[in-house]
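Asker: Have a peek at my_file.cif (mmCIF, C-alpha atoms and all ligand atoms).
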```cif
data_protein
loop_
_atom_site.group_PDB
_atom_site.id
_atom_site.type_symbol
_atom_site.label_atom_id
_atom_site.label_comp_id
_atom_site.auth_asym_id
_atom_site.auth_seq_id
_atom_site.Cartn_x
_atom_site.Cartn_y
_atom_site.Cartn_z
ATOM 1 C CA MET A 14 17.150 -43.231 35.654
ATOM 2 C CA SER A 15 19.899 -41.189 34.066
ATOM 3 C CA ASP A 16 23.488 -42.103 34.885
ATOM 4 C CA THR A 17 24.989 -39.441 37.152
ATOM 5 C CA SER A 18 28.265 -41.184 37.989
ATOM 6 C CA PRO A 19 31.285 -38.848 37.830
ATOM 7 C CA LEU A 20 32.691 -40.676 34.823
ATOM 8 C CA SER A 21 29.469 -40.283 32.831
ATOM 9 C CA GLU A 22 29.375 -36.658 33.889
ATOM 10 C CA ILE A 23 32.950 -36.208 32.593
ATOM 11 C CA ARG A 24 31.995 -37.897 29.310
ATOM 12 C CA ARG A 25 28.963 -35.617 29.073
ATOM 13 C CA LEU A 26 31.052 -32.479 29.718
ATOM 14 C CA TYR A 27 33.458 -33.389 26.918
ATOM 15 C CA ALA A 28 30.613 -34.346 24.585
ATOM 16 C CA GLN A 29 28.942 -31.017 25.265
ATOM 17 C CA HIS A 30 31.937 -28.642 25.466
ATOM 18 C CA GLY A 31 34.948 -30.628 24.221
ATOM 19 C CA ALA A 32 34.722 -29.316 20.672
ATOM 20 C CA GLY A 33 35.097 -25.745 21.883
ATOM 21 C CA MET A 34 38.485 -24.222 21.225
ATOM 22 C CA TYR A 35 41.024 -24.121 24.000
ATOM 23 C CA ALA A 36 41.047 -20.358 24.404
ATOM 24 C CA GLY A 37 43.684 -18.666 22.300
ATOM 25 C CA GLU A 38 45.179 -21.950 20.979
ATOM 26 C CA LEU A 39 44.664 -24.034 17.838
ATOM 27 C CA VAL A 40 43.350 -27.194 19.519
ATOM 28 C CA THR A 41 39.966 -28.001 21.067
ATOM 29 C CA GLN A 42 39.393 -28.562 24.781
ATOM 30 C CA LEU A 43 39.106 -32.300 24.142
ATOM 31 C CA GLU A 44 42.295 -32.443 22.043
ATOM 32 C CA HIS A 45 44.124 -30.484 24.723
ATOM 33 C CA ALA A 46 42.958 -32.860 27.461
ATOM 34 C CA LEU A 47 43.799 -35.993 25.450
ATOM 35 C CA GLN A 48 47.235 -34.696 24.481
ATOM 36 C CA ALA A 49 48.106 -33.759 28.066
ATOM 37 C CA ALA A 50 47.046 -37.232 29.269
ATOM 38 C CA HIS A 51 48.915 -38.851 26.387
ATOM 39 C CA PHE A 52 52.171 -37.040 27.216
ATOM 40 C CA ALA A 53 51.805 -37.970 30.889
ATOM 41 C CA GLU A 54 51.226 -41.606 29.990
ATOM 42 C CA GLN A 55 54.165 -41.632 27.567
ATOM 43 C CA ALA A 56 56.370 -40.247 30.330
ATOM 44 C CA GLY A 57 55.425 -43.221 32.523
ATOM 45 C CA GLU A 58 53.433 -41.215 35.079
ATOM 46 C CA SER A 59 51.134 -42.878 37.620
ATOM 47 C CA SER A 60 47.498 -43.455 36.672
ATOM 48 C CA SER A 61 46.569 -40.642 39.078
ATOM 49 C CA LEU A 62 48.755 -38.136 37.248
ATOM 50 C CA VAL A 63 47.560 -39.348 33.840
ATOM 51 C CA ALA A 64 43.992 -38.805 35.084
ATOM 52 C CA ALA A 65 45.022 -35.399 36.445
ATOM 53 C CA ALA A 66 46.481 -34.474 33.056
ATOM 54 C CA LEU A 67 43.244 -35.497 31.327
ATOM 55 C CA LEU A 68 41.118 -33.535 33.778
ATOM 56 C CA HIS A 69 43.359 -30.568 34.598
ATOM 57 C CA ASP A 70 41.181 -28.082 32.724
ATOM 58 C CA ILE A 71 37.781 -29.551 33.574
ATOM 59 C CA GLY A 72 37.131 -26.328 35.475
ATOM 60 C CA HIS A 73 36.985 -24.580 32.088
ATOM 61 C CA LEU A 74 34.050 -26.861 31.178
ATOM 62 C CA THR A 75 32.068 -26.621 34.409
ATOM 63 C CA HIS A 76 31.920 -22.838 34.683
ATOM 64 C CA SER A 77 29.615 -20.485 32.841
ATOM 65 C CA PHE A 78 32.131 -17.839 31.750
ATOM 66 C CA ASP A 79 32.728 -17.209 28.086
ATOM 67 C CA GLU A 80 35.582 -19.370 26.717
ATOM 68 C CA ASN A 81 37.481 -16.184 25.877
ATOM 69 C CA CYS A 82 36.929 -14.655 29.317
ATOM 70 C CA ALA A 83 40.668 -14.014 29.767
ATOM 71 C CA GLU A 84 40.470 -11.518 26.919
ATOM 72 C CA GLN A 85 37.792 -9.751 28.946
ATOM 73 C CA GLY A 86 40.083 -9.589 31.954
ATOM 74 C CA ILE A 87 38.377 -12.416 33.863
ATOM 75 C CA ASP A 88 40.320 -15.172 35.638
ATOM 76 C CA ASP A 89 37.929 -18.135 35.719
ATOM 77 C CA GLU A 90 39.963 -19.788 38.537
ATOM 78 C CA HIS A 91 39.437 -23.075 36.750
ATOM 79 C CA GLU A 92 42.239 -24.802 38.694
ATOM 80 C CA ALA A 93 40.324 -24.349 41.968
ATOM 81 C CA THR A 94 36.825 -25.017 40.648
ATOM 82 C CA GLY A 95 38.079 -28.048 38.709
ATOM 83 C CA ALA A 96 39.913 -29.497 41.717
ATOM 84 C CA GLU A 97 36.836 -28.968 43.921
ATOM 85 C CA TRP A 98 34.528 -30.548 41.363
ATOM 86 C CA LEU A 99 36.799 -33.606 41.134
ATOM 87 C CA HIS A 100 37.180 -33.835 44.911
ATOM 88 C CA GLU A 101 33.394 -33.917 45.256
ATOM 89 C CA ALA A 102 33.263 -36.529 42.515
ATOM 90 C CA GLY A 103 35.477 -38.780 44.686
ATOM 91 C CA PHE A 104 38.964 -38.281 43.227
ATOM 92 C CA ASN A 105 41.857 -38.417 45.677
ATOM 93 C CA PRO A 106 44.454 -35.678 46.306
ATOM 94 C CA GLU A 107 46.924 -37.378 43.909
ATOM 95 C CA VAL A 108 44.506 -36.273 41.180
ATOM 96 C CA THR A 109 43.022 -33.067 42.580
ATOM 97 C CA GLU A 110 46.100 -31.381 44.079
ATOM 98 C CA PRO A 111 48.354 -31.274 41.000
ATOM 99 C CA ILE A 112 45.309 -29.821 39.214
ATOM 100 C CA ARG A 113 44.756 -27.216 41.928
ATOM 101 C CA LEU A 114 48.456 -26.338 41.628
ATOM 102 C CA HIS A 115 48.843 -26.287 37.851
ATOM 103 C CA VAL A 116 48.357 -22.508 37.707
ATOM 104 C CA PRO A 117 50.659 -21.782 40.665
ATOM 105 C CA ALA A 118 53.121 -24.114 38.875
ATOM 106 C CA LYS A 119 53.109 -21.771 35.897
ATOM 107 C CA ARG A 120 53.602 -18.763 38.191
ATOM 108 C CA TYR A 121 56.425 -20.683 39.916
ATOM 109 C CA LEU A 122 58.179 -21.620 36.661
ATOM 110 C CA CYS A 123 57.958 -18.038 35.416
ATOM 111 C CA ALA A 124 59.637 -16.909 38.644
ATOM 112 C CA VAL A 125 62.542 -19.375 38.532
ATOM 113 C CA ASP A 126 63.106 -19.850 34.797
ATOM 114 C CA SER A 127 63.102 -16.913 32.382
ATOM 115 C CA ALA A 128 63.367 -19.275 29.388
ATOM 116 C CA TYR A 129 60.065 -20.788 30.515
ATOM 117 C CA PHE A 130 58.317 -17.446 30.355
ATOM 118 C CA GLU A 131 59.753 -16.786 26.888
ATOM 119 C CA GLN A 132 58.197 -19.936 25.432
ATOM 120 C CA LEU A 133 54.686 -19.283 26.778
ATOM 121 C CA SER A 134 51.997 -18.743 24.174
ATOM 122 C CA ALA A 135 50.334 -15.332 23.935
ATOM 123 C CA ALA A 136 47.168 -16.685 25.558
ATOM 124 C CA SER A 137 49.164 -18.187 28.394
ATOM 125 C CA ARG A 138 50.981 -14.891 28.999
ATOM 126 C CA LEU A 139 47.668 -13.072 29.133
ATOM 127 C CA SER A 140 46.206 -15.492 31.678
ATOM 128 C CA LEU A 141 49.452 -15.323 33.719
ATOM 129 C CA LYS A 142 48.827 -11.638 34.241
ATOM 130 C CA LEU A 143 45.270 -12.293 35.435
ATOM 131 C CA GLN A 144 46.517 -15.104 37.691
ATOM 132 C CA GLY A 145 48.859 -12.735 39.547
ATOM 133 C CA GLY A 146 52.097 -12.965 37.504
ATOM 134 C CA PRO A 147 55.274 -14.800 38.597
ATOM 135 C CA LEU A 148 55.400 -15.907 42.263
ATOM 136 C CA ASP A 149 57.437 -13.760 44.664
ATOM 137 C CA ASP A 150 60.343 -15.297 46.631
ATOM 138 C CA SER A 151 58.381 -16.322 49.718
ATOM 139 C CA SER A 152 55.636 -17.848 47.581
ATOM 140 C CA VAL A 153 58.289 -19.776 45.624
ATOM 141 C CA GLU A 154 59.536 -21.283 48.902
ATOM 142 C CA ARG A 155 56.028 -22.101 50.068
ATOM 143 C CA PHE A 156 55.210 -23.694 46.728
ATOM 144 C CA ARG A 157 58.333 -25.890 46.866
ATOM 145 C CA SER A 158 57.302 -27.245 50.268
ATOM 146 C CA ASN A 159 53.942 -28.485 48.978
ATOM 147 C CA PRO A 160 53.954 -32.314 48.783
ATOM 148 C CA PHE A 161 52.409 -32.103 45.310
ATOM 149 C CA PHE A 162 54.915 -29.542 44.023
ATOM 150 C CA GLU A 163 56.826 -31.879 41.707
ATOM 151 C CA ALA A 164 53.729 -33.552 40.301
ATOM 152 C CA ALA A 165 52.220 -30.114 39.638
ATOM 153 C CA VAL A 166 55.318 -28.934 37.763
ATOM 154 C CA ARG A 167 55.337 -32.101 35.636
ATOM 155 C CA LEU A 168 51.613 -31.708 34.935
ATOM 156 C CA ARG A 169 52.329 -28.146 33.857
ATOM 157 C CA GLY A 170 54.845 -29.484 31.343
ATOM 158 C CA TYR A 171 52.286 -31.861 29.807
ATOM 159 C CA ASP A 172 49.788 -28.998 29.723
ATOM 160 C CA GLU A 173 52.240 -26.785 27.796
ATOM 161 C CA GLN A 174 53.016 -29.545 25.284
ATOM 162 C CA ALA A 175 49.351 -30.312 24.641
ATOM 163 C CA LYS A 176 48.671 -27.686 22.000
ATOM 164 C CA GLN A 177 49.709 -29.556 18.848
ATOM 165 C CA VAL A 178 47.445 -29.421 15.845
ATOM 166 C CA GLY A 179 46.526 -32.843 14.484
ATOM 167 C CA LEU A 180 48.481 -34.944 16.999
ATOM 168 C CA LYS A 181 47.159 -38.528 17.217
ATOM 169 C CA THR A 182 46.314 -39.756 20.724
ATOM 170 C CA PRO A 183 44.388 -42.640 22.253
ATOM 171 C CA PRO A 184 40.640 -41.877 22.501
ATOM 172 C CA LEU A 185 38.797 -40.410 25.487
ATOM 173 C CA SER A 186 37.473 -43.864 26.410
ATOM 174 C CA HIS A 187 41.040 -45.046 27.083
ATOM 175 C CA PHE A 188 41.777 -42.228 29.515
ATOM 176 C CA ILE A 189 38.321 -42.490 31.144
ATOM 177 C CA GLU A 190 39.319 -46.056 32.006
ATOM 178 C CA VAL A 191 42.522 -44.757 33.589
ATOM 179 C CA ALA A 192 40.459 -42.233 35.586
ATOM 180 C CA ALA A 193 38.040 -44.994 36.613
ATOM 181 C CA SER A 194 40.949 -47.044 37.943
ATOM 182 C CA VAL A 195 41.904 -44.306 40.435
ATOM 183 C CA LEU A 196 38.403 -43.192 41.441
ATOM 184 C CA SER A 197 37.765 -44.172 45.054
HETATM 185 FE FE FE B 1 45.672 -26.678 30.095
#
```
Using the file provided, produce a representation of the structure as structure tokens.
Ligand code: FE

Answerer:
Amino acid sequence: MSDTSPLSEIRRLYAQHGAGMYAGELVTQLEHALQAAHFAEQAGESSSLVAAALLHDIGHLTHSFDENCAEQGIDDEHEATGAEWLHEAGFNPEVTEPIRLHVPAKRYLCAVDSAYFEQLSAASRLSLKLQGGPLDDSSVERFRSNPFFEAAVRLRGYDEQAKQVGLKTPPLSHFIEVAASVLS
């Protein structure tokens, strides 16, 4: 019987799609995931947030859109599909909700911090447009009242940092173990 546990499925997704480029950047999907998890771990985050950082873009790997779909004007809504996929796989809200919110977190940061917008990569600016642009005032307030608001903003920071060519990180197996430790 083939192993269909969520962790094997995650390993399979990265084996199959991890070498694909992270759209518009100079790192692969796997490098991006490992770097985000690495920065979260270095910052002393909980195992749940380290797992969230590893898996925040899994929605890019589970959908069937072209990797450059943003250039075609398509928002793949990977934050929602990824969070749903992980919820069904048994991950708790400490993992799924910061992931679901990592795009709203970008829209939030663009609304409250103009310097943040300025440092976004070209690809990230393009996807921002497709994702609805900066949040308006009432959405900013609503976002701040979400219990996972702060974790989502921190995750967003690790996401932004995780685009460095050639950065050394621990291997996928290390972070899969972290994910295993928080899987209910
Ligand atoms: Fe990302």

Asker: Counting only C-alpha atoms, which residues come within 12 Å of (38.9, -44.7, 36.0), with the point read in the file's coordinates, and could you list them as number ranges by chain?

Answerer: A: 18-21, 23-24, 60-65, 67-68, 102-105, 108, 185-197

Asker: Which residue, A:Ile71, A:Ala53, A:Ala128, A:Ala28, has the smallest gap to ligand FE 1 (chain B) when you use all atoms listed in the file?

Answerer: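 With all atoms listed in the file as the atom set, the closest residue is A:Ile71.
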
Asker: What would the selection look like, as an MDAnalysis selection string, if the PyMOL selection byres (((chain A and resi 168) around 12) and not hetatm) were run on the coordinates I just shared?

Answerer: chainID A and resid 46 48:54 56 58:59 61:70 107:119 161:167 169:175

Asker: Between A:Tyr35, A:Tyr121, A:Trp98, A:Phe156, which has the minimum distance to Leu141 in chain A (counting only C-alpha atoms)?

Answerer: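 Nearest candidate to Leu141 in chain A out of A:Tyr35, A:Tyr121, A:Trp98, A:Phe156: A:Tyr121.
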
Asker: Can you pull out the residues contacting range 144-148 of chain A? Cut-off 12 Å, using all atoms listed in the file, and skip same-chain residues under 6 positions away; I want them as JSON, numbers by chain.

Answerer: {"A": [83, 86, 87, 88, 89, 90, 91, 92, 93, 115, 116, 117, 118, 119, 120, 121, 122, 123, 124, 125, 126, 127, 129, 130, 137, 138, 154, 155, 156, 157]}

Asker: By how many Å are CA of Gly72 in chain A and CA of Thr94 in chain A apart?

Answerer: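 Distance between the two atoms: 5.3 Å.
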
Asker: Suppose you want the space between CA of Lys176 in chain A and CA of Gly31 in chain A; what is it in Å?

Answerer: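 About the pair CA of Lys176 in chain A and CA of Gly31 in chain A: they are 14.2 Å apart.
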